[in-house]
Amino acid sequence: MSTPLLDVRHLRVEFGSPKAPLIAVNDLSLQVNAGETLAIVGESGCGKSVTALALTRLLHGSQARISGSVKYRGEEISTLDERQMRGIRGRHIGMIFQDPMSALNPVMSVGDQLIEAIQAHDKLSRVQARARAQELLEKVRIPEPQKRLDDYPHRFSGGMRQRVVIALALAGRPSLLIADEPTTALDVTIQAQILGLLATLQKEMGMGLILITHDLGVVAETADRVMVMYAGRKVEEQPVHGLFAAPRHPYTQGLIAARPALQINPTARRVRLREIPGMVPMLSQLPEGCAFAARCERASDACHQQPDAVRIDTLTSVACHHPWQAIDHPLLQPQRAHA
Amino acid sequence: MSALLEVRNLSVRYATARGELNAVSAVDLDLAVGQTLGLVGESGCGKSSLGKALVRLVNPSEGEIRVNGTDLATLSGKRLKASRHDVQMVFQDPSSALDPRLSIFDSIDEPLRARGELSKPQRQQRVAELMRQVGLHEDLASRLPHQLSGGQRQRVVIARALAPRPAMIICDEPVSALDVSLQAQILNLLCDLQEQLGIAYLFISHDLSVVQYLADRIAVMYLGQIVEIGDRSPFWQRPAHPYSQALIAAVPVMDPTLSRAADKQVIGGDVPSPYTPPSGCRFHTRCPQVHDRCKEEQPRLQALQTGHHVACHLYDATTGAPA
């Protein structure tokens, strides 16, 4: 097997005092290959965003303690100093965050921001950089790119701003893009445009993509493989078709069943939604063993012990003492959703 | 079916630094006792302004809001205050809807105290009953909002809205700030309460899946106007307006075998500025089926069948309905 683009092993991120640490990410391993989309899905506080920040070492200002190995194209980057890391960010690993307004400088024209990013990566004259900035705006399908270069961010709509942010992330021609909730702040028609654009650009440029989201619909539309996180840990990992056809972890299954799916011909009577009882435990009060046990209908005494991730095949693993087997799976015949 | 709420020709205009903003333009709506009307649309379409106008949190510029026959649009002073018992509101963010210094008991008790009809022991009993109805443990009564989770806080807000025994609650994105596992809890709670108490909901949301799940009738708004309104089954079987169709098509589908973002047909463009809405049909700048006529003449809502209306020239009787 070839070397993955990104290979993360046993990543752990702690905050707070070493005596009583808050473990935001615990023993997390993941791989992303070129041209592949890995979705990381989970609810607020599950550690998905902290994971992204830890991979790119954007947590350095905080009191976070990060351990584990992060290899990019086979080379360890977790031990690089900040100056070397700046050579990785943007050039090799690009990033997109949720709120496009706070990712852009409001007092600098969009063109100047792009030129700044381009010149940070390549030795180009201002004229050359401006031409390249225009190409980037074209690439993200912003109409009349030449005119728009001199506009300030407030002149752009939310969707157009997120396109500018994507153009900025592409300025260094990264081979891996990390997008943290890139469409959460956008309306549904604009979300569909941006997801389509990301998928097209990824194909064109052969990039690896880590897409972080809370929305299972977005996962189903974009991911090749999916990793589900709960309370800082990976609870399940599967290729996308398997995850929706036969989720193994009771939490994954609960998430899918809790969300009403849009149907072509909805029934006249409402079927009660399956709730996940209780709520996500606080990181300061994590129970011994499986963090989901208190909310889980399959929990037993065994669940007081932390379950190991069980490999089901090369791409599928689940961390559960009582995972659903494909054979007894109630969701194997999923409801046909709206086409 | 008797009409609880009848809205006629309701408009909301704001005077802003950039000029007049038509947030809601000539909206007609009906809501029957114990029913749920889902109001969907993207940001800036006027759905929240409409909701706020119905409880007079913003003042309508023109039009009627009749609740059980009384026109709220023209009431003021004591009579307006009295009418508020009938229509309550639940907002998106439960943290900002609760006074951080009031205990849960005091928050739920406040509307009861304001009415002044019940004695203190009666109010205590009523608060305990309300907390039970929304699934809050009585031990939480003395807590402050910050000691509760987001889902619990939303239950408090719902209990407070129920306190004056309203006929109708306007829910403005009540689950949008919640995680998926909590959304299901709150949606189930809203359904249970409707069944037990016969409350009507105006459910405002950008989330079509949630609206499909809850609503008996659906209204789609675009730039301040209702472009389509229909009962549950005809609306979902045959969404007629090109904008409704585009909205539905854009919803991410939770089945990777059916839909992938890379090959999805998506409507282009952005919502135009509400300060300068397009002439004619306001959707014509993005409509895949636009005709010359759409740029000049504004379509009116017309019946496709009983209980299903659309404002689109494609369905004009003169030109014939398209296949």
# chains A, B, ... in the order shown; residues from 1 in each chain; ligands from 1
>>> residues_around(residues="Gly150 of chain B", least_positions_apart="3", cutoff="12 Å", atoms="only C-alpha atoms", output="ChimeraX atom specification")
/A:44,278-280 /B:92-98,145-147,153-157,174-179,181-183,185-186
>>> write_last_selection(atoms="N, CA, C and O atoms", output="compact mmCIF listing (two decimals), in the first residue's frame")
# COMPACT_ATOMS: atom_id res chain seq x y z
N SER A 44 -21.56 18.89 18.95
CA SER A 44 -20.68 19.89 19.55
C SER A 44 -19.90 19.30 20.71
O SER A 44 -20.44 18.54 21.50
N GLY A 278 -30.86 11.50 27.26
CA GLY A 278 -29.77 12.16 27.97
C GLY A 278 -29.01 13.10 27.08
O GLY A 278 -29.50 13.57 26.08
N MET A 279 -27.79 13.39 27.49
CA MET A 279 -26.98 14.31 26.68
C MET A 279 -25.51 13.94 26.74
O MET A 279 -25.10 13.08 27.51
N VAL A 280 -24.74 14.62 25.87
CA VAL A 280 -23.31 14.36 25.79
C VAL A 280 -22.67 14.68 27.15
O VAL A 280 -22.94 15.73 27.71
N GLN B 92 -35.00 30.79 18.69
CA GLN B 92 -33.93 29.84 18.39
C GLN B 92 -32.98 29.62 19.56
O GLN B 92 -32.67 28.49 19.91
N ASP B 93 -32.53 30.72 20.15
CA ASP B 93 -31.45 30.60 21.13
C ASP B 93 -32.02 30.70 22.54
O ASP B 93 -32.35 31.77 23.01
N PRO B 94 -32.14 29.55 23.23
CA PRO B 94 -32.76 29.58 24.55
C PRO B 94 -31.93 30.36 25.58
O PRO B 94 -32.48 30.86 26.55
N SER B 95 -30.63 30.48 25.34
CA SER B 95 -29.80 31.19 26.33
C SER B 95 -30.17 32.66 26.37
O SER B 95 -30.23 33.26 27.43
N SER B 96 -30.41 33.26 25.20
CA SER B 96 -30.70 34.68 25.22
C SER B 96 -32.18 34.94 25.47
O SER B 96 -32.59 36.08 25.64
N ALA B 97 -33.00 33.88 25.48
CA ALA B 97 -34.43 34.07 25.73
C ALA B 97 -34.74 34.01 27.23
O ALA B 97 -35.86 34.29 27.64
N LEU B 98 -33.78 33.61 28.05
CA LEU B 98 -34.01 33.51 29.49
C LEU B 98 -33.18 34.55 30.22
O LEU B 98 -32.03 34.80 29.86
N PRO B 145 -30.34 29.53 34.62
CA PRO B 145 -30.21 29.01 33.24
C PRO B 145 -28.81 28.46 32.91
O PRO B 145 -28.71 27.45 32.22
N HIS B 146 -27.76 29.11 33.42
CA HIS B 146 -26.43 28.64 33.02
C HIS B 146 -26.10 27.26 33.59
O HIS B 146 -25.15 26.62 33.17
N GLN B 147 -26.89 26.82 34.55
CA GLN B 147 -26.63 25.49 35.12
C GLN B 147 -27.35 24.39 34.33
O GLN B 147 -27.26 23.22 34.69
N ARG B 153 -32.67 24.11 28.60
CA ARG B 153 -33.07 25.53 28.53
C ARG B 153 -34.21 25.72 27.55
O ARG B 153 -35.14 26.48 27.79
N GLN B 154 -34.15 25.00 26.41
CA GLN B 154 -35.23 25.14 25.44
C GLN B 154 -36.54 24.60 26.03
O GLN B 154 -37.60 25.12 25.75
N ARG B 155 -36.44 23.57 26.87
CA ARG B 155 -37.66 23.07 27.54
C ARG B 155 -38.24 24.13 28.47
O ARG B 155 -39.46 24.27 28.60
N VAL B 156 -37.36 24.88 29.15
CA VAL B 156 -37.83 25.95 30.03
C VAL B 156 -38.58 27.00 29.21
O VAL B 156 -39.66 27.45 29.59
N VAL B 157 -37.99 27.37 28.08
CA VAL B 157 -38.61 28.39 27.23
C VAL B 157 -39.98 27.90 26.76
O VAL B 157 -40.96 28.66 26.74
N PRO B 174 -36.77 26.70 16.51
CA PRO B 174 -36.58 26.29 17.90
C PRO B 174 -35.53 25.19 18.10
O PRO B 174 -35.08 25.00 19.22
N VAL B 175 -35.16 24.47 17.05
CA VAL B 175 -34.17 23.41 17.25
C VAL B 175 -32.88 23.66 16.49
O VAL B 175 -31.96 22.84 16.54
N SER B 176 -32.77 24.80 15.81
CA SER B 176 -31.61 25.02 14.96
C SER B 176 -30.30 25.12 15.73
O SER B 176 -29.24 24.81 15.21
N ALA B 177 -30.37 25.58 16.98
CA ALA B 177 -29.14 25.74 17.75
C ALA B 177 -28.78 24.47 18.50
O ALA B 177 -27.78 24.43 19.20
N LEU B 178 -29.61 23.42 18.35
CA LEU B 178 -29.38 22.21 19.15
C LEU B 178 -28.71 21.12 18.33
O LEU B 178 -28.89 21.03 17.12
N ASP B 179 -27.98 20.26 19.02
CA ASP B 179 -27.39 19.11 18.36
C ASP B 179 -28.48 18.13 17.94
O ASP B 179 -29.56 18.10 18.53
N SER B 181 -29.08 14.99 18.41
CA SER B 181 -29.71 14.09 19.37
C SER B 181 -30.71 14.85 20.24
O SER B 181 -31.69 14.29 20.70
N LEU B 182 -30.46 16.14 20.48
CA LEU B 182 -31.40 16.93 21.27
C LEU B 182 -32.56 17.43 20.42
O LEU B 182 -33.68 17.59 20.90
N GLN B 183 -32.30 17.66 19.13
CA GLN B 183 -33.37 18.09 18.23
C GLN B 183 -34.52 17.11 18.28
O GLN B 183 -35.69 17.50 18.37
N GLN B 185 -35.40 15.11 20.62
CA GLN B 185 -36.12 15.21 21.89
C GLN B 185 -37.11 16.37 21.87
O GLN B 185 -38.27 16.23 22.28
N ILE B 186 -36.66 17.53 21.37
CA ILE B 186 -37.52 18.72 21.39
C ILE B 186 -38.66 18.56 20.36
O ILE B 186 -39.80 18.93 20.64
>>> interface_residues(of="chain A", to="chain B", cutoff="7 Å", atoms="only C-alpha atoms", output="VMD selection string")
chain A and resid 43 to 44 187 to 189 192 to 193 195 to 196 199 to 200 216 to 218 220 to 222 240 to 241 244 255 258 to 262 264 to 265 270 272 to 276 337 to 339
>>> write_last_selection(atoms="N, CA, C and O atoms", output="compact mmCIF listing (two decimals), in the first residue's frame")
# COMPACT_ATOMS: atom_id res chain seq x y z
N GLU A 43 -21.26 15.62 17.31
CA GLU A 43 -21.99 16.77 17.85
C GLU A 43 -21.03 17.75 18.51
O GLU A 43 -19.84 17.47 18.66
N SER A 44 -21.56 18.89 18.95
CA SER A 44 -20.68 19.89 19.55
C SER A 44 -19.90 19.30 20.71
O SER A 44 -20.44 18.54 21.50
N ASP A 187 -27.12 29.32 3.56
CA ASP A 187 -28.45 28.82 3.22
C ASP A 187 -28.35 27.54 2.40
O ASP A 187 -27.33 27.27 1.78
N VAL A 188 -29.45 26.80 2.36
CA VAL A 188 -29.39 25.46 1.80
C VAL A 188 -29.06 25.46 0.29
O VAL A 188 -28.30 24.61 -0.17
N THR A 189 -29.57 26.42 -0.48
CA THR A 189 -29.23 26.42 -1.91
C THR A 189 -27.76 26.80 -2.11
O THR A 189 -27.10 26.28 -3.00
N ALA A 192 -25.53 23.85 -1.19
CA ALA A 192 -25.42 22.87 -2.28
C ALA A 192 -24.42 23.35 -3.33
O ALA A 192 -23.64 22.55 -3.86
N GLN A 193 -24.42 24.66 -3.62
CA GLN A 193 -23.45 25.20 -4.58
C GLN A 193 -22.01 24.99 -4.09
O GLN A 193 -21.14 24.55 -4.84
N LEU A 195 -20.82 22.89 -1.77
CA LEU A 195 -20.41 21.48 -1.70
C LEU A 195 -20.08 20.95 -3.09
O LEU A 195 -19.11 20.21 -3.27
N GLY A 196 -20.89 21.34 -4.07
CA GLY A 196 -20.61 20.93 -5.45
C GLY A 196 -19.27 21.47 -5.92
O GLY A 196 -18.48 20.76 -6.55
N ALA A 199 -16.37 19.59 -4.29
CA ALA A 199 -16.19 18.26 -4.89
C ALA A 199 -15.52 18.37 -6.26
O ALA A 199 -14.64 17.57 -6.60
N THR A 200 -15.92 19.37 -7.05
CA THR A 200 -15.33 19.55 -8.38
C THR A 200 -13.85 19.93 -8.28
O THR A 200 -13.00 19.36 -8.98
N LEU A 216 -25.29 14.94 8.89
CA LEU A 216 -25.15 13.65 8.22
C LEU A 216 -25.55 13.71 6.75
O LEU A 216 -25.06 12.92 5.94
N GLY A 217 -26.43 14.64 6.39
CA GLY A 217 -26.78 14.82 4.99
C GLY A 217 -25.56 15.25 4.19
O GLY A 217 -25.29 14.73 3.10
N VAL A 218 -24.81 16.21 4.73
CA VAL A 218 -23.58 16.67 4.06
C VAL A 218 -22.59 15.52 3.95
O VAL A 218 -21.93 15.35 2.92
N ALA A 220 -23.27 12.29 3.72
CA ALA A 220 -23.72 11.35 2.70
C ALA A 220 -23.46 11.88 1.29
O ALA A 220 -23.18 11.11 0.37
N GLU A 221 -23.55 13.20 1.13
CA GLU A 221 -23.38 13.79 -0.21
C GLU A 221 -21.92 13.90 -0.64
O GLU A 221 -21.64 14.03 -1.82
N THR A 222 -20.99 13.94 0.33
CA THR A 222 -19.63 14.29 -0.04
C THR A 222 -18.56 13.25 0.28
O THR A 222 -17.56 13.18 -0.42
N VAL A 240 -18.52 5.40 3.20
CA VAL A 240 -19.79 6.10 3.38
C VAL A 240 -21.01 5.21 3.12
O VAL A 240 -22.00 5.28 3.85
N HIS A 241 -20.94 4.33 2.11
CA HIS A 241 -22.12 3.51 1.82
C HIS A 241 -22.42 2.56 2.97
O HIS A 241 -23.57 2.37 3.35
N PHE A 244 -24.09 4.35 6.12
CA PHE A 244 -25.52 4.66 6.08
C PHE A 244 -26.37 3.40 5.93
O PHE A 244 -27.50 3.36 6.40
N LEU A 255 -27.77 8.64 15.82
CA LEU A 255 -27.68 9.90 15.09
C LEU A 255 -28.49 9.85 13.81
O LEU A 255 -29.20 10.79 13.47
N ALA A 258 -32.26 9.75 14.57
CA ALA A 258 -32.81 10.93 15.25
C ALA A 258 -33.19 12.02 14.27
O ALA A 258 -33.93 12.93 14.60
N ARG A 259 -32.66 11.93 13.07
CA ARG A 259 -32.84 13.02 12.12
C ARG A 259 -33.94 12.66 11.14
O ARG A 259 -33.87 11.63 10.47
N PRO A 260 -35.00 13.48 11.03
CA PRO A 260 -36.02 13.16 10.03
C PRO A 260 -35.43 13.33 8.63
O PRO A 260 -34.78 14.32 8.35
N ALA A 261 -35.63 12.31 7.78
CA ALA A 261 -35.11 12.40 6.41
C ALA A 261 -36.21 12.94 5.51
O ALA A 261 -37.37 12.60 5.66
N LEU A 262 -35.83 13.79 4.57
CA LEU A 262 -36.80 14.35 3.64
C LEU A 262 -37.29 13.24 2.72
O LEU A 262 -36.51 12.51 2.13
N ILE A 264 -40.09 11.78 -0.43
CA ILE A 264 -40.87 12.22 -1.58
C ILE A 264 -42.34 12.27 -1.21
O ILE A 264 -43.05 13.20 -1.52
N ASN A 265 -42.76 11.24 -0.55
CA ASN A 265 -44.17 11.14 -0.23
C ASN A 265 -44.33 10.83 1.24
O ASN A 265 -44.51 9.69 1.64
N ARG A 270 -47.25 11.02 11.62
CA ARG A 270 -45.85 11.14 11.99
C ARG A 270 -45.40 9.91 12.74
O ARG A 270 -46.07 9.43 13.64
N ARG A 272 -42.86 8.60 15.36
CA ARG A 272 -42.09 9.29 16.41
C ARG A 272 -40.59 9.16 16.13
O ARG A 272 -40.11 8.09 15.76
N LEU A 273 -39.86 10.26 16.28
CA LEU A 273 -38.42 10.22 16.07
C LEU A 273 -37.76 9.42 17.18
O LEU A 273 -38.17 9.48 18.33
N ARG A 274 -36.72 8.67 16.81
CA ARG A 274 -35.97 7.93 17.83
C ARG A 274 -35.04 8.90 18.54
O ARG A 274 -34.15 9.47 17.93
N GLU A 275 -35.25 9.07 19.82
CA GLU A 275 -34.39 9.98 20.58
C GLU A 275 -33.16 9.24 21.06
O GLU A 275 -33.21 8.03 21.29
N ILE A 276 -32.07 9.99 21.23
CA ILE A 276 -30.98 9.47 22.03
C ILE A 276 -31.19 10.09 23.41
O ILE A 276 -31.16 11.31 23.54
N ALA A 337 -35.04 8.07 0.70
CA ALA A 337 -35.19 9.50 0.95
C ALA A 337 -35.55 10.21 -0.34
O ALA A 337 -35.65 9.60 -1.40
N HIS A 338 -35.75 11.49 -0.24
CA HIS A 338 -36.13 12.32 -1.39
C HIS A 338 -34.98 12.39 -2.41
O HIS A 338 -33.86 12.66 -2.04
N ALA A 339 -35.28 12.12 -3.66
CA ALA A 339 -34.20 12.17 -4.65
C ALA A 339 -33.99 13.60 -5.12
O ALA A 339 -34.90 14.39 -5.09
>>> atom_distance(atom1="atom CA of Leu301 of chain B", atom2="atom CA of Met168 of chain B")
25.4 Å
>>> atom_distance(atom1="atom CA of Ser25 of chain B", atom2="atom CA of Tyr222 of chain B")
10.2 Å
>>> select_by_dssp(residues="segment 180-238 of chain A", states="alpha helix (DSSP H)", output="JSON, numbers by chain")
{"A": [188, 189, 190, 191, 192, 193, 194, 195, 196, 197, 198, 199, 200, 201, 202, 203, 204, 205, 216, 217, 218, 219, 220, 221, 222]}
>>> select_by_dssp(residues="segment 83-318 of chain B", states="strand (DSSP E)", output="ChimeraX atom specification")
/B:87-90,168-172,200-205,217-222,225-231,302-305,308-310
>>> write_last_selection(atoms="C-alpha atoms", output="mmCIF file, in the first residue's frame")
data_model
loop_
_atom_site.group_PDB
_atom_site.id
_atom_site.type_symbol
_atom_site.label_atom_id
_atom_site.label_comp_id
_atom_site.auth_asym_id
_atom_site.auth_seq_id
_atom_site.Cartn_x
_atom_site.Cartn_y
_atom_site.Cartn_z
ATOM 1 C CA VAL B 87 -50.124 33.753 20.987
ATOM 2 C CA GLN B 88 -46.752 32.932 22.508
ATOM 3 C CA MET B 89 -43.315 32.680 20.983
ATOM 4 C CA VAL B 90 -40.291 30.364 21.239
ATOM 5 C CA MET B 168 -50.883 29.071 19.384
ATOM 6 C CA ILE B 169 -47.102 29.191 19.683
ATOM 7 C CA ILE B 170 -44.843 30.761 17.096
ATOM 8 C CA CYS B 171 -41.659 28.680 17.040
ATOM 9 C CA ASP B 172 -38.831 30.501 15.276
ATOM 10 C CA ALA B 200 -51.385 25.299 16.994
ATOM 11 C CA TYR B 201 -47.832 26.017 15.870
ATOM 12 C CA LEU B 202 -46.454 28.404 13.343
ATOM 13 C CA PHE B 203 -43.138 26.645 12.848
ATOM 14 C CA ILE B 204 -40.531 28.850 11.194
ATOM 15 C CA SER B 205 -37.461 27.030 9.936
ATOM 16 C CA ARG B 217 -49.420 22.822 5.907
ATOM 17 C CA ILE B 218 -46.329 24.435 4.358
ATOM 18 C CA ALA B 219 -45.708 28.005 3.201
ATOM 19 C CA VAL B 220 -42.589 28.893 1.204
ATOM 20 C CA MET B 221 -41.337 32.472 1.372
ATOM 21 C CA TYR B 222 -38.967 34.278 -0.961
ATOM 22 C CA GLN B 225 -43.624 37.011 -0.303
ATOM 23 C CA ILE B 226 -45.319 33.672 -0.044
ATOM 24 C CA VAL B 227 -44.620 31.929 -3.343
ATOM 25 C CA GLU B 228 -46.373 28.677 -2.498
ATOM 26 C CA ILE B 229 -48.614 27.397 0.258
ATOM 27 C CA GLY B 230 -50.149 23.991 0.457
ATOM 28 C CA ASP B 231 -51.423 21.156 2.605
ATOM 29 C CA GLN B 302 -53.691 31.029 -7.431
ATOM 30 C CA ALA B 303 -55.215 27.680 -6.595
ATOM 31 C CA LEU B 304 -53.779 24.544 -8.182
ATOM 32 C CA GLN B 305 -56.279 22.506 -6.252
ATOM 33 C CA HIS B 308 -52.622 24.260 -2.621
ATOM 34 C CA HIS B 309 -51.740 27.704 -4.002
ATOM 35 C CA VAL B 310 -48.780 28.904 -6.020
#
>>> closest_atom_pairs(of="segment 161-219 of chain A", to="segment 22-42 of chain A", cutoff="10 Å", atoms="only C-alpha atoms", output="tab-separated table")
residue	atom	partner	partner_atom	distance
A:Ser175	CA	A:Ala34	CA	7.3
A:Leu176	CA	A:Ala34	CA	7.5
A:Leu177	CA	A:Thr37	CA	9.4
A:Ile178	CA	A:Leu38	CA	9.6
A:Ala179	CA	A:Ala39	CA	9.5
A:Asp180	CA	A:Ile40	CA	9.2
A:Glu181	CA	A:Val41	CA	9.9
A:Ala199	CA	A:Thr37	CA	8.9
A:Gln202	CA	A:Gly35	CA	6.6
A:Lys203	CA	A:Gly35	CA	6.6
A:Glu204	CA	A:Gly35	CA	9.2
A:Met205	CA	A:Gly35	CA	8.0
A:Gly206	CA	A:Gly35	CA	4.5
A:Met207	CA	A:Gly35	CA	4.7
A:Gly208	CA	A:Ala34	CA	4.5
A:Leu209	CA	A:Thr37	CA	4.6
A:Ile210	CA	A:Leu38	CA	4.9
A:Leu211	CA	A:Ala39	CA	4.6
A:Ile212	CA	A:Ile40	CA	4.8
A:Thr213	CA	A:Val41	CA	5.2
A:His214	CA	A:Gly42	CA	5.3
A:Asp215	CA	A:Val41	CA	7.2
A:Leu216	CA	A:Val41	CA	7.3
A:Val218	CA	A:Ala39	CA	9.0
A:Val219	CA	A:Ala39	CA	6.2
>>> residues_around(residues="Asp99 of chain A", least_positions_apart="5", cutoff="12 Å", atoms="only C-alpha atoms", output="mmCIF file with N, CA and C atoms, in the first residue's frame")
data_model
loop_
_atom_site.group_PDB
_atom_site.id
_atom_site.type_symbol
_atom_site.label_atom_id
_atom_site.label_comp_id
_atom_site.auth_asym_id
_atom_site.auth_seq_id
_atom_site.Cartn_x
_atom_site.Cartn_y
_atom_site.Cartn_z
ATOM 1 N N LEU A 104 -11.860 36.560 6.629
ATOM 2 C CA LEU A 104 -11.359 37.569 5.692
ATOM 3 C C LEU A 104 -11.076 38.873 6.432
ATOM 4 N N GLY A 158 -22.776 35.997 1.485
ATOM 5 C CA GLY A 158 -22.196 34.927 2.297
ATOM 6 C C GLY A 158 -21.593 33.803 1.462
ATOM 7 N N GLY A 159 -22.322 33.383 0.432
ATOM 8 C CA GLY A 159 -21.843 32.297 -0.414
ATOM 9 C C GLY A 159 -20.611 32.709 -1.209
ATOM 10 N N ARG A 161 -18.492 35.018 -0.357
ATOM 11 C CA ARG A 161 -17.381 35.148 0.590
ATOM 12 C C ARG A 161 -16.730 33.792 0.830
ATOM 13 N N GLN A 162 -17.585 32.760 0.980
ATOM 14 C CA GLN A 162 -16.999 31.447 1.231
ATOM 15 C C GLN A 162 -16.209 30.990 -0.003
ATOM 16 N N ARG A 163 -16.640 31.386 -1.201
ATOM 17 C CA ARG A 163 -15.852 31.077 -2.397
ATOM 18 C C ARG A 163 -14.489 31.773 -2.345
ATOM 19 N N VAL A 164 -14.483 33.024 -1.867
ATOM 20 C CA VAL A 164 -13.211 33.740 -1.736
ATOM 21 C C VAL A 164 -12.302 33.002 -0.743
ATOM 22 N N VAL A 165 -12.885 32.551 0.374
ATOM 23 C CA VAL A 165 -12.107 31.834 1.370
ATOM 24 C C VAL A 165 -11.517 30.556 0.761
ATOM 25 N N ILE A 166 -12.310 29.882 -0.075
ATOM 26 C CA ILE A 166 -11.802 28.675 -0.736
ATOM 27 C C ILE A 166 -10.659 29.050 -1.679
ATOM 28 N N ALA A 179 -11.601 21.298 5.827
ATOM 29 C CA ALA A 179 -12.728 22.228 5.819
ATOM 30 C C ALA A 179 -13.574 21.958 7.059
ATOM 31 N N ASP A 180 -13.620 22.935 7.962
ATOM 32 C CA ASP A 180 -14.347 22.755 9.222
ATOM 33 C C ASP A 180 -15.706 23.437 9.119
ATOM 34 N N GLU A 181 -16.762 22.673 8.990
ATOM 35 C CA GLU A 181 -18.136 23.180 8.847
ATOM 36 C C GLU A 181 -18.197 24.266 7.762
ATOM 37 N N PRO A 182 -17.740 23.990 6.537
ATOM 38 C CA PRO A 182 -17.624 25.071 5.556
ATOM 39 C C PRO A 182 -18.961 25.619 5.078
ATOM 40 N N THR A 183 -20.056 24.903 5.299
ATOM 41 C CA THR A 183 -21.338 25.383 4.771
ATOM 42 C C THR A 183 -22.380 25.609 5.861
ATOM 43 N N THR A 184 -21.970 25.489 7.113
ATOM 44 C CA THR A 184 -22.942 25.559 8.207
ATOM 45 C C THR A 184 -23.596 26.932 8.314
ATOM 46 N N ALA A 185 -22.855 27.993 7.955
ATOM 47 C CA ALA A 185 -23.413 29.341 8.085
ATOM 48 C C ALA A 185 -24.206 29.737 6.839
ATOM 49 N N LEU A 186 -24.345 28.831 5.874
ATOM 50 C CA LEU A 186 -24.934 29.211 4.584
ATOM 51 C C LEU A 186 -26.344 28.654 4.410
#
>>> residues_around(residues="segment 13-24 of chain B", least_positions_apart="4", cutoff="12 Å", atoms="only C-alpha atoms", output="VMD selection string")
chain B and resid 8 to 9 28 43 to 54 58 to 63 221 to 226 273 to 277
>>> residues_around(residues="Ala120 of chain A", least_positions_apart="6", cutoff="10 Å", atoms="only C-alpha atoms", output="NGL selection string")
:A and (87 or 90-91 or 114 or 171-172)
>>> closest_residue(among="A:Pro106, A:Gly47, A:Pro4, A:Gly94", to="Glu75 of chain A", atoms="only C-alpha atoms")
A:Pro4
>>> atom_distance(atom1="atom CA of Arg115 of chain B", atom2="atom CA of His137 of chain B")
25.1 Å
>>> closest_residue(among="A:His249, A:His92, A:Arg141, A:Lys147", to="Met160 of chain A", atoms="only C-alpha atoms")
A:Arg141
>>> residues_around(residues="Gln128 of chain A", least_positions_apart="5", cutoff="12 Å", atoms="only C-alpha atoms", output="VMD selection string")
chain A and resid 114 to 115 118 to 119 122 to 123 133 to 135
>>> write_last_selection(atoms="N, CA, C and O atoms", output="short mmCIF file (atom, residue, chain, number, x, y, z; two decimals), in the first residue's frame")
data_model
loop_
_atom_site.label_atom_id
_atom_site.label_comp_id
_atom_site.auth_asym_id
_atom_site.auth_seq_id
_atom_site.Cartn_x
_atom_site.Cartn_y
_atom_site.Cartn_z
N LEU A 114 -5.73 37.92 -1.66
CA LEU A 114 -5.29 36.80 -2.47
C LEU A 114 -3.82 36.97 -2.87
O LEU A 114 -3.03 36.02 -2.82
N ILE A 115 -3.46 38.20 -3.27
CA ILE A 115 -2.09 38.46 -3.70
C ILE A 115 -1.12 38.20 -2.55
O ILE A 115 -0.06 37.58 -2.72
N ILE A 118 -0.73 34.51 -2.25
CA ILE A 118 0.03 33.95 -3.37
C ILE A 118 1.52 34.26 -3.21
O ILE A 118 2.38 33.39 -3.37
N GLN A 119 1.81 35.52 -2.86
CA GLN A 119 3.22 35.90 -2.72
C GLN A 119 3.89 35.26 -1.50
O GLN A 119 5.11 35.14 -1.46
N ASP A 122 4.71 31.80 -3.41
CA ASP A 122 5.50 31.81 -4.64
C ASP A 122 6.16 33.16 -4.85
O ASP A 122 5.57 34.19 -4.55
N LYS A 123 7.36 33.12 -5.41
CA LYS A 123 8.04 34.38 -5.72
C LYS A 123 7.50 34.92 -7.04
O LYS A 123 7.99 34.59 -8.10
N ALA A 133 -4.41 35.64 -8.96
CA ALA A 133 -5.57 35.87 -8.09
C ALA A 133 -6.85 35.82 -8.91
O ALA A 133 -7.86 35.24 -8.49
N GLN A 134 -6.79 36.43 -10.09
CA GLN A 134 -7.97 36.41 -10.95
C GLN A 134 -8.32 34.98 -11.37
O GLN A 134 -9.49 34.59 -11.39
N GLU A 135 -7.28 34.20 -11.71
CA GLU A 135 -7.51 32.79 -12.05
C GLU A 135 -8.20 32.05 -10.91
O GLU A 135 -9.09 31.23 -11.12
#
